[in-house]
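Dumped structure-v9.cif below, it's mmCIF, C-alpha atoms and all ligand atoms:
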```
data_data
loop_
_atom_site.label_atom_id
_atom_site.label_comp_id
_atom_site.auth_asym_id
_atom_site.auth_seq_id
_atom_site.Cartn_x
_atom_site.Cartn_y
_atom_site.Cartn_z
CA MET A 1 -14.58 -15.10 -11.46
CA LEU A 2 -11.45 -14.46 -13.46
CA ASP A 3 -8.29 -13.33 -11.71
CA ALA A 4 -5.10 -12.36 -13.46
CA LYS A 5 -3.15 -14.22 -10.76
CA ASP A 6 -4.85 -15.98 -7.85
CA VAL A 7 -7.42 -15.56 -5.10
CA GLY A 8 -5.92 -13.09 -2.64
CA TRP A 9 -2.91 -12.33 -4.82
CA GLY A 10 -3.90 -8.64 -4.85
CA ALA A 11 -4.07 -6.32 -1.87
CA SER A 12 -6.83 -8.43 -0.30
CA GLY A 13 -4.42 -11.25 0.51
CA ARG A 14 -1.46 -9.19 1.61
CA ASN A 15 -2.82 -6.24 3.57
CA GLY A 16 -2.37 -5.13 7.16
CA GLY A 17 -5.53 -6.92 8.25
CA GLN A 18 -6.93 -3.83 9.99
CA VAL A 19 -10.69 -3.63 9.95
CA ASN A 20 -11.19 0.12 10.33
CA PRO A 21 -14.82 1.28 10.22
CA MET A 22 -14.35 4.75 8.80
CA LEU A 23 -13.62 6.33 5.44
CA PRO A 24 -10.39 8.35 5.33
CA VAL A 25 -12.47 11.52 5.10
CA GLU A 26 -11.70 13.69 8.10
CA ARG A 27 -15.02 15.44 8.69
CA PRO A 28 -18.67 14.57 7.95
CA GLU A 29 -19.11 17.87 6.10
CA HIS A 30 -16.32 16.90 3.69
CA LEU A 31 -18.17 13.70 2.85
CA ARG A 32 -21.47 15.56 2.54
CA LYS A 33 -19.88 18.06 0.16
CA ALA A 34 -18.38 15.28 -1.96
CA VAL A 35 -21.50 13.11 -2.40
CA GLY A 36 -24.49 15.34 -1.54
CA ASP A 37 -27.10 15.00 1.22
CA VAL A 38 -28.81 11.81 0.10
CA TYR A 39 -25.69 9.71 -0.41
CA PHE A 40 -24.05 11.23 2.66
CA GLU A 41 -26.57 9.61 5.03
CA ARG A 42 -26.27 6.18 3.42
CA LEU A 43 -22.50 6.23 2.92
CA ALA A 44 -21.87 7.44 6.47
CA GLU A 45 -24.03 4.61 7.78
CA VAL A 46 -22.49 1.78 5.74
CA SER A 47 -18.92 2.95 6.31
CA LEU A 48 -19.33 3.33 10.08
CA ASN A 49 -20.96 -0.14 10.13
CA SER A 50 -18.49 -1.70 7.74
CA ALA A 51 -16.53 -3.55 10.45
CA GLU A 52 -19.73 -5.06 11.88
CA GLU A 53 -20.70 -6.11 8.37
CA LEU A 54 -17.35 -7.82 7.82
CA PHE A 55 -17.36 -9.69 11.14
CA GLU A 56 -20.97 -10.78 10.51
CA LEU A 57 -20.00 -12.12 7.07
CA VAL A 58 -17.10 -14.03 8.62
CA ARG A 59 -19.47 -15.60 11.17
CA ARG A 60 -22.15 -16.39 8.61
CA TYR A 61 -19.77 -18.33 6.37
CA GLY A 62 -17.66 -19.73 9.24
CA ILE A 63 -14.45 -18.32 7.75
CA ALA A 64 -11.38 -19.21 9.81
CA CYS A 65 -9.36 -16.01 9.48
CA ASP A 66 -8.38 -15.19 13.05
CA ALA A 67 -11.08 -12.50 13.17
CA ARG A 68 -10.87 -10.40 16.34
CA GLN A 69 -12.97 -7.37 17.15
CA ASN A 70 -10.77 -6.01 19.94
CA GLY A 71 -10.86 -2.38 18.85
CA TRP A 72 -8.79 0.00 16.72
CA LEU A 73 -6.66 2.73 18.26
CA ARG A 74 -5.89 5.69 16.04
CA VAL A 75 -3.07 7.55 17.77
CA ASP A 76 -2.03 11.17 17.22
CA HIS A 77 1.48 11.96 16.00
CA CYS A 78 1.42 15.63 17.11
CA PRO A 79 -0.83 18.10 18.99
CA ALA A 80 -2.27 19.60 15.81
CA ALA A 81 -3.24 16.12 14.59
CA ARG A 82 -4.80 15.42 17.99
CA ASP A 83 -6.99 18.53 17.74
CA THR A 84 -8.11 17.64 14.22
CA ALA A 85 -8.77 14.00 15.15
CA ARG A 86 -10.80 14.96 18.23
CA LYS A 87 -12.98 17.41 16.35
CA ALA A 88 -13.52 14.79 13.67
CA ALA A 89 -14.33 12.03 16.18
CA LYS A 90 -16.89 14.23 17.93
CA ALA A 91 -18.47 15.13 14.61
CA TRP A 92 -18.66 11.47 13.51
CA ASN A 93 -20.06 10.43 16.89
CA ALA A 94 -23.17 12.46 16.04
CA PHE A 95 -23.69 9.83 13.30
CA GLY A 96 -23.15 6.84 15.60
CA ALA A 97 -19.41 6.26 15.17
CA GLY A 98 -18.90 5.48 18.86
CA PHE A 99 -15.34 6.86 19.07
CA GLU A 100 -13.81 7.30 22.54
CA PHE A 101 -10.78 9.35 23.56
CA VAL A 102 -7.89 7.55 25.21
CA ASP A 103 -5.00 9.47 26.77
CA GLY A 104 -1.76 9.30 28.73
CA ALA A 105 -1.21 6.31 30.98
CA GLU A 106 -4.35 4.56 29.75
CA LEU A 107 -3.19 4.82 26.14
CA ARG A 108 0.28 3.59 27.03
CA ARG A 109 -1.23 0.65 28.93
CA ARG A 110 -3.18 -0.38 25.84
CA THR A 111 -0.43 0.24 23.26
CA ARG A 112 2.71 -0.27 25.40
CA SER A 113 4.23 2.41 23.16
CA PRO A 114 6.03 5.45 24.59
CA ALA A 115 5.50 7.31 21.31
CA TYR A 116 1.94 8.59 21.69
CA ASP A 117 0.07 10.62 24.31
CA THR A 118 -3.42 10.71 22.83
CA GLY A 119 -5.64 8.69 20.55
CA VAL A 120 -9.14 7.72 19.55
CA LEU A 121 -10.54 4.25 20.12
CA SER A 122 -13.08 2.61 17.85
CA ALA A 123 -14.36 -0.43 19.75
CA LYS A 124 -15.98 -1.74 16.53
CA GLY A 125 -12.60 -2.08 14.79
CA GLY A 126 -10.51 -5.21 14.75
CA ALA A 127 -8.31 -7.47 12.69
CA ILE A 128 -8.37 -10.43 10.35
CA GLN A 129 -5.72 -12.57 8.66
CA PRO A 130 -6.13 -11.23 5.11
CA LEU A 131 -5.18 -14.22 2.96
CA SER A 132 -7.36 -16.55 5.06
CA LEU A 133 -10.28 -14.14 4.65
CA ALA A 134 -9.80 -13.90 0.86
CA ARG A 135 -9.57 -17.69 0.53
CA GLY A 136 -12.55 -18.19 2.88
CA LEU A 137 -14.68 -15.84 0.79
CA ALA A 138 -13.64 -17.68 -2.38
CA ASP A 139 -14.65 -21.01 -0.79
CA ALA A 140 -18.03 -19.54 0.21
CA ALA A 141 -18.50 -18.30 -3.37
CA ARG A 142 -17.58 -21.74 -4.79
CA LYS A 143 -20.08 -23.41 -2.46
CA ALA A 144 -22.72 -20.99 -3.75
CA GLY A 145 -21.96 -22.10 -7.32
CA ALA A 146 -19.29 -19.65 -8.49
CA ARG A 147 -16.47 -20.91 -10.70
CA ILE A 148 -13.08 -19.34 -10.13
CA PHE A 149 -10.41 -19.23 -12.81
CA ARG A 150 -6.91 -18.27 -11.68
CA ASN A 151 -4.08 -17.06 -13.91
CA ALA A 152 -6.70 -15.70 -16.29
CA PRO A 153 -5.97 -12.03 -17.02
CA VAL A 154 -8.81 -10.56 -19.05
CA SER A 155 -7.22 -8.78 -22.00
CA THR A 156 -10.31 -7.48 -23.81
CA ALA A 157 -14.00 -6.95 -23.13
CA GLU A 158 -16.15 -6.58 -26.26
CA ARG A 159 -19.87 -6.15 -26.67
CA THR A 160 -21.40 -8.96 -28.78
CA GLY A 161 -25.17 -8.59 -29.14
CA SER A 162 -26.64 -8.26 -25.66
CA ARG A 163 -23.63 -9.84 -23.96
CA TRP A 164 -19.97 -9.20 -23.23
CA LYS A 165 -17.13 -11.35 -24.54
CA LEU A 166 -14.20 -11.46 -22.13
CA SER A 167 -11.00 -12.82 -23.62
CA THR A 168 -8.09 -14.38 -21.79
CA ASP A 169 -5.18 -16.26 -23.34
CA ARG A 170 -6.80 -19.48 -22.03
CA GLY A 171 -10.24 -18.96 -23.47
CA GLN A 172 -13.27 -16.72 -23.66
CA ILE A 173 -16.38 -16.14 -21.59
CA LEU A 174 -19.71 -14.71 -22.65
CA ALA A 175 -21.34 -12.75 -19.84
CA GLN A 176 -24.55 -10.88 -19.28
CA SER A 177 -22.80 -8.48 -16.94
CA VAL A 178 -19.21 -7.67 -16.07
CA VAL A 179 -18.04 -6.62 -12.59
CA LEU A 180 -14.60 -5.03 -12.28
CA ALA A 181 -13.00 -5.29 -8.86
CA THR A 182 -9.38 -4.62 -9.74
CA ASN A 183 -8.64 -1.67 -7.40
CA GLY A 184 -4.88 -0.80 -7.33
CA TYR A 185 -4.16 -3.40 -10.04
CA THR A 186 -6.57 -1.83 -12.54
CA ASP A 187 -5.16 -2.07 -16.08
CA GLY A 188 -6.30 -0.82 -19.48
CA LEU A 189 -9.33 -3.12 -19.82
CA ILE A 190 -11.85 -0.30 -19.42
CA PRO A 191 -10.72 2.99 -20.98
CA GLY A 192 -9.79 5.62 -18.43
CA LEU A 193 -10.33 3.47 -15.33
CA ALA A 194 -6.62 3.09 -14.48
CA ARG A 195 -6.12 6.83 -14.87
CA SER A 196 -8.96 7.56 -12.42
CA ILE A 197 -6.94 6.25 -9.46
CA LEU A 198 -3.48 6.90 -8.10
CA PRO A 199 -1.64 3.69 -7.18
CA VAL A 200 0.09 3.86 -3.78
CA TYR A 201 2.33 1.20 -2.23
CA PRO A 202 1.79 0.22 1.41
CA ILE A 203 4.58 -1.99 2.78
CA GLN A 204 4.88 -4.28 5.77
CA ILE A 205 7.37 -6.19 7.87
CA ALA A 206 6.61 -9.14 10.12
CA THR A 207 8.39 -11.40 12.56
CA ASP A 208 8.19 -15.13 13.04
CA ALA A 209 6.34 -16.24 16.19
CA LEU A 210 7.77 -14.30 19.14
CA SER A 211 7.89 -15.55 22.71
CA ASP A 212 4.90 -14.68 24.93
CA GLU A 213 7.19 -12.30 26.78
CA GLU A 214 8.25 -10.47 23.59
CA ILE A 215 4.80 -10.19 22.01
CA GLY A 216 3.38 -9.18 25.39
CA THR A 217 5.32 -5.92 25.11
CA ILE A 218 2.96 -4.55 22.42
CA LEU A 219 -0.80 -4.14 22.18
CA PRO A 220 -1.54 -6.50 25.13
CA GLU A 221 -5.32 -6.40 24.64
CA GLY A 222 -5.12 -7.20 20.93
CA HIS A 223 -5.99 -3.75 19.59
CA THR A 224 -4.89 -2.75 16.15
CA ILE A 225 -3.07 0.57 15.96
CA SER A 226 -2.56 3.18 13.26
CA ASP A 227 -1.52 6.81 13.44
CA THR A 228 -2.45 10.19 12.01
CA LYS A 229 0.71 10.78 9.94
CA ARG A 230 0.59 11.45 6.20
CA MET A 231 2.83 8.37 5.91
CA ILE A 232 0.58 6.28 8.12
CA MET A 233 1.98 3.67 10.54
CA TYR A 234 -0.13 0.62 11.37
CA ALA A 235 0.54 -2.49 13.41
CA ARG A 236 -1.12 -5.49 15.00
CA ARG A 237 -0.36 -8.77 16.65
CA GLY A 238 -0.75 -11.48 14.05
CA PRO A 239 -1.90 -15.04 14.67
CA GLY A 240 0.64 -17.20 16.51
CA ASN A 241 2.52 -14.41 18.31
CA GLN A 242 3.72 -12.67 15.15
CA ALA A 243 4.18 -8.91 15.09
CA VAL A 244 3.11 -7.15 11.88
CA PHE A 245 4.12 -3.54 11.26
CA GLY A 246 3.31 -1.43 8.22
CA GLY A 247 3.58 1.93 6.55
CA ILE A 248 3.81 3.49 3.13
CA GLY A 249 6.63 2.73 0.74
CA PHE A 250 7.43 3.60 -2.85
CA ARG A 251 8.02 1.91 -6.16
CA ARG A 252 11.70 1.84 -7.07
CA PRO A 253 12.39 3.12 -10.60
CA PHE A 254 13.91 -0.22 -11.67
CA GLY A 255 11.47 -2.51 -9.86
CA GLY A 256 10.75 -3.59 -6.29
CA LEU A 257 9.43 -1.62 -3.36
CA GLY A 258 11.43 0.71 -1.12
CA GLY A 259 10.84 1.91 2.43
CA ARG A 260 11.82 -1.09 4.60
CA ARG A 261 14.46 1.00 6.37
CA TRP A 262 11.76 3.54 7.32
CA LEU A 263 9.68 0.79 8.90
CA LEU A 264 12.63 -0.43 10.98
CA GLN A 265 13.32 3.13 12.17
CA ASP A 266 9.65 3.52 13.10
CA VAL A 267 9.52 0.22 15.00
CA ALA A 268 12.51 1.34 17.08
CA ARG A 269 10.70 4.55 18.01
CA ILE A 270 7.18 3.20 18.46
CA PHE A 271 7.82 -0.24 19.93
CA PRO A 272 11.42 -0.08 21.26
CA SER A 273 10.94 -3.49 22.89
CA LEU A 274 10.86 -5.04 19.39
CA ARG A 275 13.92 -3.20 18.11
CA ARG A 276 16.14 -6.24 18.27
CA VAL A 277 13.78 -8.99 17.12
CA ALA A 278 14.26 -10.38 13.60
CA TRP A 279 11.84 -8.77 11.12
CA ARG A 280 12.21 -11.60 8.68
CA TYR A 281 9.46 -10.75 6.19
CA PHE A 282 9.01 -7.70 3.98
CA TRP A 283 6.30 -7.23 1.35
CA GLY A 284 3.92 -4.70 -0.08
CA GLY A 285 1.22 -4.24 -2.65
CA ARG A 286 -0.86 -1.69 -4.49
CA ILE A 287 -3.85 0.28 -3.36
CA ALA A 288 -5.95 2.87 -5.18
CA LEU A 289 -6.39 6.46 -4.07
CA THR A 290 -9.23 8.53 -5.46
CA ALA A 291 -9.08 12.32 -5.67
CA ASP A 292 -12.00 12.74 -3.23
CA ARG A 293 -10.87 9.87 -0.93
CA ILE A 294 -14.22 8.10 -1.46
CA PRO A 295 -14.69 4.69 -3.10
CA HIS A 296 -16.03 5.02 -6.64
CA LEU A 297 -18.85 3.12 -8.28
CA HIS A 298 -18.94 3.37 -12.07
CA GLU A 299 -21.17 2.00 -14.81
CA PRO A 300 -19.08 2.79 -17.89
CA ALA A 301 -21.24 0.81 -20.35
CA PRO A 302 -24.50 -1.16 -20.25
CA GLY A 303 -23.88 -4.31 -18.20
CA VAL A 304 -20.46 -3.16 -16.93
CA ILE A 305 -20.02 -2.10 -13.33
CA ALA A 306 -16.86 -1.23 -11.40
CA GLY A 307 -16.11 -0.57 -7.73
CA LEU A 308 -12.72 0.66 -6.60
CA GLY A 309 -10.73 3.29 -4.72
CA TYR A 310 -10.79 2.33 -1.05
CA ASN A 311 -7.95 4.70 -0.15
CA GLY A 312 -6.29 2.21 2.22
CA ARG A 313 -9.48 1.27 4.06
CA GLY A 314 -10.52 -1.53 1.74
CA VAL A 315 -10.48 -4.50 4.11
CA ALA A 316 -13.97 -3.62 5.28
CA MET A 317 -15.08 -1.22 2.51
CA SER A 318 -14.28 -3.54 -0.42
CA LEU A 319 -16.70 -6.06 1.12
CA VAL A 320 -19.38 -3.38 1.42
CA MET A 321 -18.72 -2.51 -2.22
CA GLY A 322 -18.92 -6.20 -3.17
CA ARG A 323 -22.37 -6.43 -1.62
CA VAL A 324 -23.49 -3.21 -3.32
CA LEU A 325 -22.19 -4.38 -6.73
CA ALA A 326 -24.13 -7.63 -6.33
CA GLU A 327 -27.31 -5.83 -5.26
CA ARG A 328 -27.03 -3.45 -8.19
CA LEU A 329 -26.66 -6.34 -10.65
CA LEU A 330 -29.74 -7.94 -9.11
CA GLY A 331 -31.71 -4.79 -9.85
CA ALA A 332 -31.25 -2.43 -6.85
CA GLY A 333 -32.30 1.08 -7.82
CA LEU A 334 -30.20 4.20 -7.44
CA GLU A 335 -32.35 5.26 -4.49
CA THR A 336 -30.96 2.39 -2.39
CA LEU A 337 -27.24 2.62 -3.24
CA PRO A 338 -24.81 4.09 -0.69
CA PHE A 339 -22.37 5.16 -3.42
CA PRO A 340 -23.31 7.54 -6.21
CA ILE A 341 -22.66 6.19 -9.70
CA SER A 342 -20.04 8.58 -10.98
CA PRO A 343 -18.42 9.18 -14.36
CA ILE A 344 -14.82 7.98 -14.73
CA ARG A 345 -12.61 11.06 -14.36
CA PRO A 346 -8.82 11.24 -14.59
CA PHE A 347 -6.90 11.71 -11.34
CA ALA A 348 -5.28 15.15 -11.67
CA PHE A 349 -1.46 15.17 -12.15
CA ARG A 350 -1.39 11.38 -11.88
CA GLY A 351 1.62 10.97 -14.20
CA THR A 352 3.71 13.52 -12.31
CA GLN A 353 2.75 12.06 -8.94
CA ARG A 354 3.65 8.56 -10.06
CA ALA A 355 6.97 9.64 -11.53
CA GLY A 356 7.90 11.53 -8.36
CA SER A 357 6.52 8.92 -5.96
CA SER A 358 9.73 8.24 -3.99
CA LEU A 359 10.51 11.97 -3.70
CA ALA A 360 6.96 12.76 -2.62
CA MET A 361 7.06 10.01 0.02
CA SER A 362 10.40 11.25 1.38
CA TRP A 363 9.01 14.78 1.51
CA MET A 364 5.88 13.70 3.39
CA ARG A 365 7.96 11.64 5.79
CA MET A 366 10.12 14.68 6.50
CA ARG A 367 7.04 16.80 7.22
CA ASP A 368 5.65 14.14 9.58
CA THR A 369 9.01 13.97 11.38
CA LEU A 370 9.17 17.76 11.80
CA GLU A 371 5.68 17.79 13.25
CA MET A 372 6.60 15.11 15.79
CA ARG A 373 9.43 17.24 17.26
C1 LIG B 1 0.38 -3.84 2.11
C2 LIG B 1 -1.07 -3.40 2.20
C3 LIG B 1 -1.63 -3.14 3.46
C4 LIG B 1 -2.97 -2.75 3.56
N1 LIG B 1 -3.51 -2.64 4.79
C5 LIG B 1 -4.83 -2.38 4.92
C6 LIG B 1 -5.43 -2.39 6.19
O1 LIG B 1 -4.79 -2.71 7.20
N2 LIG B 1 -6.76 -2.07 6.29
C7 LIG B 1 -7.49 -1.76 5.18
O2 LIG B 1 -8.69 -1.48 5.33
N3 LIG B 1 -6.96 -1.80 3.93
C8 LIG B 1 -5.65 -2.11 3.78
N4 LIG B 1 -5.11 -2.20 2.53
C9 LIG B 1 -5.98 -1.96 1.36
C10 LIG B 1 -6.87 -3.16 1.03
O3 LIG B 1 -6.12 -4.35 1.07
C11 LIG B 1 -7.50 -2.98 -0.36
O4 LIG B 1 -8.21 -1.76 -0.40
C12 LIG B 1 -8.47 -4.11 -0.72
O5 LIG B 1 -7.90 -5.37 -0.45
C13 LIG B 1 -8.88 -4.02 -2.19
O6 LIG B 1 -9.59 -5.19 -2.51
P1 LIG B 1 -10.02 -5.51 -4.02
O7 LIG B 1 -10.61 -6.87 -3.98
O8 LIG B 1 -10.84 -4.39 -4.55
O9 LIG B 1 -8.65 -5.48 -4.86
P2 LIG B 1 -7.40 -6.46 -4.80
O10 LIG B 1 -7.46 -7.36 -3.61
O11 LIG B 1 -6.17 -5.65 -4.98
O12 LIG B 1 -7.63 -7.41 -6.05
C14 LIG B 1 -7.56 -6.94 -7.36
C15 LIG B 1 -7.43 -8.16 -8.26
O13 LIG B 1 -7.67 -7.76 -9.59
C16 LIG B 1 -6.95 -8.66 -10.41
N5 LIG B 1 -6.88 -8.09 -11.77
C17 LIG B 1 -6.39 -6.89 -12.17
N6 LIG B 1 -6.53 -6.75 -13.51
C18 LIG B 1 -7.13 -7.87 -13.96
C19 LIG B 1 -7.53 -8.34 -15.26
N7 LIG B 1 -7.35 -7.60 -16.38
N8 LIG B 1 -8.09 -9.58 -15.38
C20 LIG B 1 -8.27 -10.35 -14.27
N9 LIG B 1 -7.92 -9.95 -13.01
C21 LIG B 1 -7.35 -8.73 -12.87
C22 LIG B 1 -5.61 -8.80 -9.71
O14 LIG B 1 -4.95 -9.99 -10.10
C23 LIG B 1 -6.05 -8.80 -8.24
O15 LIG B 1 -6.12 -10.10 -7.71
C24 LIG B 1 -3.77 -2.56 2.38
C25 LIG B 1 -3.20 -2.82 1.13
C26 LIG B 1 -1.88 -3.24 1.03
C27 LIG B 1 -1.29 -3.52 -0.33
#
```
Using structure tokens, write down the structure that the file contains.
Amino acid sequence: MLDAKDVGWGASGRNGGQVNPMLPVERPEHLRKAVGDVYFERLAEVSLNSAEELFELVRRYGIACDARQNGWLRVDHCPAARDTARKAAKAWNAFGAGFEFVDGAELRRRTRSPAYDTGVLSAKGGAIQPLSLARGLADAARKAGARIFRNAPVSTAERTGSRWKLSTDRGQILAQSVVLATNGYTDGLIPGLARSILPVYPIQIATDALSDEEIGTILPEGHTISDTKRMIMYARRGPGNQAVFGGIGFRRPFGGLGGRRWLLQDVARIFPSLRRVAWRYFWGGRIALTADRIPHLHEPAPGVIAGLGYNGRGVAMSLVMGRVLAERLLGAGLETLPFPISPIRPFAFRGTQRAGSSLAMSWMRMRDTLEMR
């Protein structure tokens, strides 16, 4: 395993820790249209079971990552979003999603937020501490015989005979097969792969350990929460009484990530009890959007396989993809895969969307705000 930086340096070590068992595809028919009947059944099943799969993996390898399956609340930012979310939840329940509706006083009891009247609960959802999970998985891989090389960016991949030669500035590796799992950090190693995804920049703020009294004012039963806005809000209680609150930011033209002020405004509205606590930490990272909002599995050359594009739901889905990539390398046939193997296609208007990222984010935030009035 070669990583340009370190285990968990990418989104896997710095994410919101929300284990959300659902693709960001609103309705089953949208998924069916995108992948066809055969893949629809399998992809619906693995995605709706993805949280169970993650928690089972954590148990099997004894990974200490503060894993909690206390449920995920997806709350509605406006009546129109509520109607859409309810129709979608009912439709997914026909495939075993197990979503429940939570309203009014009951919702406020579980969130302790005055900002939402309705929501959908997924009891299968939960949370993990992301860096601990990434490191725990790496330890499990090492114990199974894997060798992990950090600070080893692969600069070229060339076919030599029946094998691939991967070059880094520290040395070379000859490999039978190559697996690319670079998601939002995908570079030019495989032609066209970077252009097939749109990088987006989720951002987060967190507190130090709060007092029991302070942390008790949000999410008392340990649910995770996210909302239906275009510029999604998500939050959870971290290990040791920390509060973690996230949203979507933007890449500043001269470096660094913007959007921290938005998060502080949102905290004040959503969890007013935490308005005055010190949000000492701010960070973000890169994720990969795909045009159809579905993770992509590619086989661009013999012996090369790539899985990416989790559209912000990668905590659970990247592990599903990891399993599928491994099974495929071990000989699994197309008839067993939950993802179709698709050609690498460019993401339409990617350049324009990247250049206008901060404007686009401000525009979407304005639309969300208007809808909330
Ligand atoms: C701030 C933030 C919050 C998020 N919150 C959530 C959440 O709450 N729930 C959820 O489901 N998802 C969330 N996500 C998304 C989720 O974290 C990702 O979808 C998932 O971690 C992707 O995992 P990955 O292993 O495919 O990629 P990553 O973890 O991003 O890893 C990619 C790795 O590829 C390496 N790499 C790139 N190019 C090369 C090269 N040429 N040679 C060697 N190595 C290379 C990088 O160094 C990096 O370590 C969030 C993401 C971020 C950034």
Which residue of A:Met231, A:Val320, A:Leu198, A:Ala301 approaches A:Arg159 most closely, using all atoms listed in the file: A:Ala301
Neighbours of point (-10.5, 15.2, 16.1) within 12 Å, using only C-alpha atoms, written as an MDAnalysis selection string: chainID A and resid 25:28 74:76 78:93 99:101 118:121 228
Top pick for closest residue to A:Met317, considering A:Asp37, A:Glu45, A:Asp6, A:Asp187 and counting all atoms listed in the file: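 Once distances to A:Met317 are computed over all atoms listed in the file, the minimum belongs to A:Glu45.
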To box stretch 357-363 of chain A, take all atoms listed in the file, fit an axis-aligned box, add 6 Å on each side, and give centre and edge lengths in Å to one decimal, as AutoDock Vina command-line options.
```
--center_x 8.5 --center_y 11.5 --center_z -2.2 --size_x 16.0 --size_y 18.5 --size_z 19.5
```
Exercise: A:Val58 partners within 12 Å, only C-alpha atoms, chain neighbours under 2 positions left out, as a VMD selection string: chain A and resid 51 to 56 60 to 69 127 to 130 132 to 137 139 to 140 316 319
What does the file look like for those residues with C-alpha atoms, as a CSV table (one decimal), in the coordinates of the input?
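And here's out-v7.csv as it stands now:
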```csv
chain,number,residue,atom,x,y,z
A,51,ALA,CA,-16.5,-3.6,10.4
A,52,GLU,CA,-19.7,-5.1,11.9
A,53,GLU,CA,-20.7,-6.1,8.4
A,54,LEU,CA,-17.4,-7.8,7.8
A,55,PHE,CA,-17.4,-9.7,11.1
A,56,GLU,CA,-21.0,-10.8,10.5
A,60,ARG,CA,-22.2,-16.4,8.6
A,61,TYR,CA,-19.8,-18.3,6.4
A,62,GLY,CA,-17.7,-19.7,9.2
A,63,ILE,CA,-14.4,-18.3,7.8
A,64,ALA,CA,-11.4,-19.2,9.8
A,65,CYS,CA,-9.4,-16.0,9.5
A,66,ASP,CA,-8.4,-15.2,13.0
A,67,ALA,CA,-11.1,-12.5,13.2
A,68,ARG,CA,-10.9,-10.4,16.3
A,69,GLN,CA,-13.0,-7.4,17.2
A,127,ALA,CA,-8.3,-7.5,12.7
A,128,ILE,CA,-8.4,-10.4,10.4
A,129,GLN,CA,-5.7,-12.6,8.7
A,130,PRO,CA,-6.1,-11.2,5.1
A,132,SER,CA,-7.4,-16.6,5.1
A,133,LEU,CA,-10.3,-14.1,4.6
A,134,ALA,CA,-9.8,-13.9,0.9
A,135,ARG,CA,-9.6,-17.7,0.5
A,136,GLY,CA,-12.6,-18.2,2.9
A,137,LEU,CA,-14.7,-15.8,0.8
A,139,ASP,CA,-14.6,-21.0,-0.8
A,140,ALA,CA,-18.0,-19.5,0.2
A,316,ALA,CA,-14.0,-3.6,5.3
A,319,LEU,CA,-16.7,-6.1,1.1
```
Between atom CA of A:Tyr281 and atom C2 of ligand LIG 1 (chain B), distance in Å (one decimal):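 Separating atom CA of A:Tyr281 from atom C2 of ligand LIG 1 (chain B) is a distance of 13.4 Å.
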Residue contacts of A:Gln265 (12 Å, all atoms listed in the file) excluding same-chain residues fewer than 6 positions away, as a list in words: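 So the residues in contact are Ile205, Met233, Phe245, Gly246, Gly247, Gly259, Phe271, Pro272, Leu274, Arg275, Arg276, Arg365 and Thr369 of chain A.
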Keeping C-alpha atoms for every residue in the selection just given, could you write it to a file as a JSON list (two decimals), in the coordinates of the input?
```
[["chain", "number", "residue", "atom", "x", "y", "z"],
["A", 205, "ILE", "CA", 7.37, -6.19, 7.87],
["A", 233, "MET", "CA", 1.98, 3.67, 10.54],
["A", 245, "PHE", "CA", 4.12, -3.54, 11.26],
["A", 246, "GLY", "CA", 3.31, -1.43, 8.22],
["A", 247, "GLY", "CA", 3.58, 1.93, 6.55],
["A", 259, "GLY", "CA", 10.84, 1.91, 2.43],
["A", 271, "PHE", "CA", 7.82, -0.24, 19.93],
["A", 272, "PRO", "CA", 11.42, -0.08, 21.26],
["A", 274, "LEU", "CA", 10.86, -5.04, 19.39],
["A", 275, "ARG", "CA", 13.92, -3.20, 18.11],
["A", 276, "ARG", "CA", 16.14, -6.24, 18.27],
["A", 365, "ARG", "CA", 7.96, 11.64, 5.79],
["A", 369, "THR", "CA", 9.01, 13.97, 11.38]]
```
Which protein, DNA or RNA residues have an atom at most 6 Å from (-10.3, -4.9, 10.2), counting all atoms listed in the file? List them as a PDB file with C-alpha atoms, keeping the file's coordinate frame.
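Contents of out_26.pdb, as written:
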```pdb
ATOM      1  CA  GLY A  17      -5.530  -6.920   8.250  1.00  0.00           C
ATOM      2  CA  GLN A  18      -6.930  -3.830   9.990  1.00  0.00           C
ATOM      3  CA  VAL A  19     -10.690  -3.630   9.950  1.00  0.00           C
ATOM      4  CA  ASN A  20     -11.190   0.120  10.330  1.00  0.00           C
ATOM      5  CA  GLY A 125     -12.600  -2.080  14.790  1.00  0.00           C
ATOM      6  CA  GLY A 126     -10.510  -5.210  14.750  1.00  0.00           C
ATOM      7  CA  ALA A 127      -8.310  -7.470  12.690  1.00  0.00           C
ATOM      8  CA  ILE A 128      -8.370 -10.430  10.350  1.00  0.00           C
TER       9      ILE A 128
END
```
For stretch 214-225 of chain A: contacts at 7 Å, all atoms listed in the file, fewer than 5 positions along chain excluded, given as a list in words: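 Selected residues are Gln18, Asn70, Gly71, Trp72, Leu73, Arg74, Arg110, Thr111, Arg112, Gly126, Ala127, Tyr234, Ala235, Arg236, Arg237, Asn241, Phe271 and Ser273 of chain A.
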Minimum-distance residue to A:Ser47, chosen among A:Leu359, A:Ile190, A:Val315, A:Ile232 (using all atoms listed in the file): A:Val315
Atom CA of A:Thr336 to atom CA of A:Thr290, distance in Å rounded to a single decimal: 22.8 Å
